[in-house]
Amino acid sequence: MLSLQEISDRLEIQDLLTRYCYAIDDADFDALDTVFTPGATIDYTESGGAKGTLAEIKRWLPIALAGPIPRYQHMISTSEIKLDGDRATSRTILFNPLVYPRADGVDQVFFIGLWYRDELVRTTEGWRITSRCQEMAYSHNVPENLPPAPEIPPAL
């Protein structure tokens with residue numbers, strides 16, 4: 001039987017994972033400060049994206065998401081959460097439909113399915129992700145001429 005602390009931890013981590021999805025889909029990249037630790041590493045390379053620190057990824061996201069894919073959603077489910085005191089790991093399924101406006105005026109919908117593999121830590125502000133990497137599962141109907149993701153811009 002789960003203790004009240006374990007139930008609380010699991011609910012807080014689920015909230016954290018959901019908060020990430022809304023931050024990305026709402027383009028509220030400063031909200032990622034409530035999802036990740038300041039020194040977190042984030043690796044989106046499995047889906048063709050960037051790898052970097054939280055600060056680097058926050059600089060990269062507005063450029064990457066303003067590019068050729070104007071509409072998308074992050075839908076997560078089936079999180080496996082393993083608690084170990086003030087640390088945890090999780091593996092969460094992401095289903096990511098995206099819309100690519102083709103040159104002929106037709107919107108091409110495509111899908112990416114992957115797992116987020118996270119390392120988490122309990123902080124004084126609550127649970128935060130210290131490391132996130134993607135593990136690709138599948139893709140469907142990806143446009144053949146989809147341009148590559150941009151590089152991480154340098155800090156100002």
# chains A, B, ... in the order shown; residues from 1 in each chain; ligands from 1
>>> residues_around(residues="A:Asp15", least_positions_apart="3", cutoff="12 Å", atoms="only C-alpha atoms", output="count of residues only")
18
>>> residues_around(residues="A:Ile63", least_positions_apart="4", cutoff="12 Å", atoms="only C-alpha atoms", output="VMD selection string")
chain A and resid 27 29 49 to 50 56 to 59 67 to 70 149 to 153
>>> write_last_selection(atoms="N, CA, C and O atoms", output="PDB file, in the first residue's frame")
ATOM      1  N   ALA A  27       3.543  28.172 -25.383  1.00  0.00           N
ATOM      2  CA  ALA A  27       4.747  28.982 -25.650  1.00  0.00           C
ATOM      3  C   ALA A  27       5.080  29.866 -24.445  1.00  0.00           C
ATOM      4  O   ALA A  27       5.532  31.000 -24.594  1.00  0.00           O
ATOM      5  N   PHE A  29       7.605  29.762 -22.152  1.00  0.00           N
ATOM      6  CA  PHE A  29       8.872  29.103 -21.874  1.00  0.00           C
ATOM      7  C   PHE A  29       9.461  29.469 -20.518  1.00  0.00           C
ATOM      8  O   PHE A  29      10.220  28.696 -19.949  1.00  0.00           O
ATOM      9  N   GLY A  49      15.704  17.441 -32.583  1.00  0.00           N
ATOM     10  CA  GLY A  49      15.866  18.723 -31.915  1.00  0.00           C
ATOM     11  C   GLY A  49      17.243  18.918 -31.316  1.00  0.00           C
ATOM     12  O   GLY A  49      18.206  18.239 -31.677  1.00  0.00           O
ATOM     13  N   ALA A  50      17.322  19.838 -30.383  1.00  0.00           N
ATOM     14  CA  ALA A  50      18.578  20.240 -29.762  1.00  0.00           C
ATOM     15  C   ALA A  50      18.796  19.510 -28.434  1.00  0.00           C
ATOM     16  O   ALA A  50      17.892  18.900 -27.877  1.00  0.00           O
ATOM     17  N   GLU A  56      19.752  27.162 -22.411  1.00  0.00           N
ATOM     18  CA  GLU A  56      19.942  27.031 -23.865  1.00  0.00           C
ATOM     19  C   GLU A  56      18.647  26.618 -24.552  1.00  0.00           C
ATOM     20  O   GLU A  56      18.278  27.163 -25.600  1.00  0.00           O
ATOM     21  N   ILE A  57      17.962  25.666 -23.965  1.00  0.00           N
ATOM     22  CA  ILE A  57      16.713  25.186 -24.563  1.00  0.00           C
ATOM     23  C   ILE A  57      15.651  26.286 -24.543  1.00  0.00           C
ATOM     24  O   ILE A  57      14.878  26.425 -25.500  1.00  0.00           O
ATOM     25  N   LYS A  58      15.618  27.099 -23.502  1.00  0.00           N
ATOM     26  CA  LYS A  58      14.659  28.217 -23.464  1.00  0.00           C
ATOM     27  C   LYS A  58      14.954  29.238 -24.570  1.00  0.00           C
ATOM     28  O   LYS A  58      14.029  29.874 -25.082  1.00  0.00           O
ATOM     29  N   ARG A  59      16.210  29.407 -24.956  1.00  0.00           N
ATOM     30  CA  ARG A  59      16.548  30.287 -26.081  1.00  0.00           C
ATOM     31  C   ARG A  59      16.179  29.641 -27.412  1.00  0.00           C
ATOM     32  O   ARG A  59      15.803  30.315 -28.364  1.00  0.00           O
ATOM     33  N   GLY A  67       9.074  28.002 -36.293  1.00  0.00           N
ATOM     34  CA  GLY A  67       9.483  27.610 -37.634  1.00  0.00           C
ATOM     35  C   GLY A  67       8.369  26.995 -38.451  1.00  0.00           C
ATOM     36  O   GLY A  67       7.238  27.485 -38.459  1.00  0.00           O
ATOM     37  N   PRO A  68       8.654  25.879 -39.088  1.00  0.00           N
ATOM     38  CA  PRO A  68       7.729  25.320 -40.081  1.00  0.00           C
ATOM     39  C   PRO A  68       6.522  24.585 -39.507  1.00  0.00           C
ATOM     40  O   PRO A  68       5.677  24.144 -40.261  1.00  0.00           O
ATOM     41  N   ILE A  69       6.441  24.455 -38.198  1.00  0.00           N
ATOM     42  CA  ILE A  69       5.335  23.698 -37.595  1.00  0.00           C
ATOM     43  C   ILE A  69       4.575  24.626 -36.639  1.00  0.00           C
ATOM     44  O   ILE A  69       4.906  24.744 -35.470  1.00  0.00           O
ATOM     45  N   PRO A  70       3.536  25.291 -37.141  1.00  0.00           N
ATOM     46  CA  PRO A  70       2.841  26.287 -36.312  1.00  0.00           C
ATOM     47  C   PRO A  70       1.855  25.718 -35.296  1.00  0.00           C
ATOM     48  O   PRO A  70       1.468  26.413 -34.366  1.00  0.00           O
ATOM     49  N   ALA A 149      15.921  21.123 -37.557  1.00  0.00           N
ATOM     50  CA  ALA A 149      15.750  22.059 -36.435  1.00  0.00           C
ATOM     51  C   ALA A 149      16.902  23.052 -36.424  1.00  0.00           C
ATOM     52  O   ALA A 149      18.034  22.720 -36.828  1.00  0.00           O
ATOM     53  N   PRO A 150      16.655  24.266 -35.951  1.00  0.00           N
ATOM     54  CA  PRO A 150      17.739  25.257 -35.872  1.00  0.00           C
ATOM     55  C   PRO A 150      18.735  24.907 -34.776  1.00  0.00           C
ATOM     56  O   PRO A 150      18.449  24.081 -33.900  1.00  0.00           O
ATOM     57  N   GLU A 151      19.884  25.538 -34.843  1.00  0.00           N
ATOM     58  CA  GLU A 151      20.891  25.401 -33.793  1.00  0.00           C
ATOM     59  C   GLU A 151      20.472  26.250 -32.587  1.00  0.00           C
ATOM     60  O   GLU A 151      19.685  27.180 -32.715  1.00  0.00           O
ATOM     61  N   ILE A 152      21.030  25.945 -31.429  1.00  0.00           N
ATOM     62  CA  ILE A 152      20.783  26.752 -30.236  1.00  0.00           C
ATOM     63  C   ILE A 152      21.487  28.091 -30.431  1.00  0.00           C
ATOM     64  O   ILE A 152      22.691  28.129 -30.730  1.00  0.00           O
ATOM     65  N   PRO A 153      20.756  29.202 -30.293  1.00  0.00           N
ATOM     66  CA  PRO A 153      21.397  30.509 -30.465  1.00  0.00           C
ATOM     67  C   PRO A 153      22.335  30.802 -29.283  1.00  0.00           C
ATOM     68  O   PRO A 153      22.098  30.345 -28.163  1.00  0.00           O
TER      69      PRO A 153
END
>>> closest_atom_pairs(of="stretch 15-41 of chain A", to="stretch 111-120 of chain A", cutoff="10 Å", atoms="only C-alpha atoms", output="CSV")
residue,atom,partner,partner_atom,distance
A:Leu17,CA,A:Tyr116,CA,9.6
A:Val35,CA,A:Leu120,CA,9.8
A:Phe36,CA,A:Leu120,CA,8.5
A:Thr37,CA,A:Leu120,CA,8.9
A:Ala40,CA,A:Glu119,CA,9.5
A:Thr41,CA,A:Glu119,CA,9.9
>>> write_last_selection(atoms="C-alpha atoms", output="PDB file, in the first residue's frame")
ATOM      1  CA  LEU A  17       4.832  16.511 -16.262  1.00  0.00           C
ATOM      2  CA  VAL A  35       9.456  22.303 -14.286  1.00  0.00           C
ATOM      3  CA  PHE A  36      13.250  21.956 -14.446  1.00  0.00           C
ATOM      4  CA  THR A  37      16.106  22.679 -12.064  1.00  0.00           C
ATOM      5  CA  ALA A  40      18.909  20.632 -15.916  1.00  0.00           C
ATOM      6  CA  THR A  41      19.962  19.012 -19.185  1.00  0.00           C
TER       7      THR A  41
END
>>> residues_around(residues="A:Ala88", least_positions_apart="3", cutoff="9 Å", atoms="only C-alpha atoms", output="list in words")
Ile81, Lys82, Leu83, Asp84, Gly85, Asp118, Glu119, Leu120, Val121 and Arg122 of chain A
>>> residues_around(residues="A:Arg71", least_positions_apart="4", cutoff="10 Å", atoms="only C-alpha atoms", output="ChimeraX atom specification")
/A:25,65-66,97-101,109
>>> write_last_selection(atoms="N, CA, C and O atoms", output="compact mmCIF listing (two decimals), in the first residue's frame")
# COMPACT_ATOMS: atom_id res chain seq x y z
N ASP A 25 3.11 23.97 -25.16
CA ASP A 25 2.01 24.24 -26.09
C ASP A 25 1.50 25.67 -26.01
O ASP A 25 0.97 26.20 -26.99
N LEU A 65 10.03 26.42 -32.49
CA LEU A 65 8.58 26.25 -32.59
C LEU A 65 7.91 27.34 -33.42
O LEU A 65 6.74 27.21 -33.78
N ALA A 66 8.63 28.40 -33.75
CA ALA A 66 8.08 29.43 -34.63
C ALA A 66 8.36 29.09 -36.09
O ALA A 66 7.93 29.78 -36.99
N PRO A 97 0.92 15.10 -32.07
CA PRO A 97 0.49 15.44 -33.42
C PRO A 97 0.99 16.85 -33.77
O PRO A 97 1.01 17.74 -32.92
N LEU A 98 1.39 17.01 -35.02
CA LEU A 98 1.93 18.28 -35.49
C LEU A 98 1.33 18.60 -36.86
O LEU A 98 0.96 17.69 -37.61
N VAL A 99 1.25 19.87 -37.20
CA VAL A 99 0.70 20.30 -38.48
C VAL A 99 1.77 21.06 -39.25
O VAL A 99 2.36 22.02 -38.73
N TYR A 100 2.00 20.62 -40.48
CA TYR A 100 2.99 21.25 -41.37
C TYR A 100 2.26 21.82 -42.59
O TYR A 100 1.68 21.07 -43.37
N PRO A 101 2.26 23.15 -42.74
CA PRO A 101 1.61 23.74 -43.92
C PRO A 101 2.51 23.55 -45.15
O PRO A 101 3.59 24.13 -45.22
N VAL A 109 -0.81 16.71 -41.49
CA VAL A 109 -0.75 16.32 -40.09
C VAL A 109 0.16 15.09 -39.98
O VAL A 109 0.02 14.15 -40.76
>>> select_by_dssp(residues="chain A", states="helix (DSSP H, G or I)", output="ChimeraX atom specification")
/A:4-25,29-34,45-47,54-65
>>> select_by_dssp(residues="chain A", states="strand (DSSP E)", output="NGL selection string")
:A and (36-43 or 51-53 or 71-72 or 75-84 or 87-101 or 107-123 or 126-140)
>>> write_last_selection(atoms="C-alpha atoms", output="mmCIF file, in the first residue's frame")
data_model
loop_
_atom_site.group_PDB
_atom_site.id
_atom_site.type_symbol
_atom_site.label_atom_id
_atom_site.label_comp_id
_atom_site.auth_asym_id
_atom_site.auth_seq_id
_atom_site.Cartn_x
_atom_site.Cartn_y
_atom_site.Cartn_z
ATOM 1 C CA PHE A 36 13.250 21.956 -14.446
ATOM 2 C CA THR A 37 16.106 22.679 -12.064
ATOM 3 C CA PRO A 38 18.320 25.585 -13.213
ATOM 4 C CA GLY A 39 21.130 23.172 -14.140
ATOM 5 C CA ALA A 40 18.909 20.632 -15.916
ATOM 6 C CA THR A 41 19.962 19.012 -19.185
ATOM 7 C CA ILE A 42 17.364 18.471 -21.900
ATOM 8 C CA ASP A 43 17.941 16.239 -24.912
ATOM 9 C CA LYS A 51 20.389 19.150 -26.620
ATOM 10 C CA GLY A 52 21.390 21.645 -23.962
ATOM 11 C CA THR A 53 20.894 23.207 -20.583
ATOM 12 C CA ARG A 71 0.463 23.877 -34.543
ATOM 13 C CA TYR A 72 1.159 20.953 -32.246
ATOM 14 C CA MET A 75 -0.257 14.570 -24.919
ATOM 15 C CA ILE A 76 1.288 12.428 -22.192
ATOM 16 C CA SER A 77 0.118 9.255 -20.516
ATOM 17 C CA THR A 78 1.147 6.025 -18.852
ATOM 18 C CA SER A 79 3.869 7.435 -16.608
ATOM 19 C CA GLU A 80 6.024 4.947 -14.779
ATOM 20 C CA ILE A 81 7.356 6.742 -11.694
ATOM 21 C CA LYS A 82 10.000 5.194 -9.454
ATOM 22 C CA LEU A 83 10.515 7.016 -6.178
ATOM 23 C CA ASP A 84 13.699 6.866 -4.135
ATOM 24 C CA ARG A 87 14.913 11.507 -6.076
ATOM 25 C CA ALA A 88 12.839 9.790 -8.744
ATOM 26 C CA THR A 89 12.913 8.582 -12.312
ATOM 27 C CA SER A 90 10.030 8.488 -14.733
ATOM 28 C CA ARG A 91 9.229 7.159 -18.169
ATOM 29 C CA THR A 92 6.241 8.816 -19.814
ATOM 30 C CA ILE A 93 4.629 8.264 -23.205
ATOM 31 C CA LEU A 94 4.247 11.310 -25.453
ATOM 32 C CA PHE A 95 1.875 11.373 -28.426
ATOM 33 C CA ASN A 96 2.669 14.494 -30.436
ATOM 34 C CA PRO A 97 0.486 15.441 -33.415
ATOM 35 C CA LEU A 98 1.931 18.277 -35.495
ATOM 36 C CA VAL A 99 0.699 20.300 -38.481
ATOM 37 C CA TYR A 100 2.988 21.248 -41.366
ATOM 38 C CA PRO A 101 1.614 23.738 -43.916
ATOM 39 C CA ASP A 107 -1.926 21.158 -44.005
ATOM 40 C CA GLN A 108 -0.100 17.852 -43.493
ATOM 41 C CA VAL A 109 -0.750 16.315 -40.085
ATOM 42 C CA PHE A 110 1.941 13.982 -38.784
ATOM 43 C CA PHE A 111 2.603 12.194 -35.531
ATOM 44 C CA ILE A 112 5.556 11.448 -33.319
ATOM 45 C CA GLY A 113 5.419 8.952 -30.475
ATOM 46 C CA LEU A 114 8.165 8.801 -27.909
ATOM 47 C CA TRP A 115 8.977 8.364 -24.258
ATOM 48 C CA TYR A 116 10.302 11.079 -22.010
ATOM 49 C CA ARG A 117 12.924 9.598 -19.688
ATOM 50 C CA ASP A 118 13.327 11.908 -16.713
ATOM 51 C CA GLU A 119 15.422 12.158 -13.584
ATOM 52 C CA LEU A 120 13.750 14.218 -10.877
ATOM 53 C CA VAL A 121 14.626 15.715 -7.527
ATOM 54 C CA ARG A 122 12.532 17.122 -4.691
ATOM 55 C CA THR A 123 13.451 20.782 -4.087
ATOM 56 C CA GLY A 126 8.583 20.962 -5.150
ATOM 57 C CA TRP A 127 9.623 18.262 -7.617
ATOM 58 C CA ARG A 128 11.756 19.340 -10.583
ATOM 59 C CA ILE A 129 13.289 17.538 -13.552
ATOM 60 C CA THR A 130 17.108 17.465 -13.545
ATOM 61 C CA SER A 131 17.493 15.528 -16.793
ATOM 62 C CA ARG A 132 15.128 14.805 -19.676
ATOM 63 C CA CYS A 133 15.882 12.788 -22.772
ATOM 64 C CA GLN A 134 13.650 11.462 -25.489
ATOM 65 C CA GLU A 135 13.451 7.861 -26.605
ATOM 66 C CA MET A 136 11.846 7.667 -30.040
ATOM 67 C CA ALA A 137 9.153 5.029 -30.555
ATOM 68 C CA TYR A 138 7.620 5.877 -33.950
ATOM 69 C CA SER A 139 6.687 8.564 -36.406
ATOM 70 C CA HIS A 140 3.953 8.647 -39.026
#
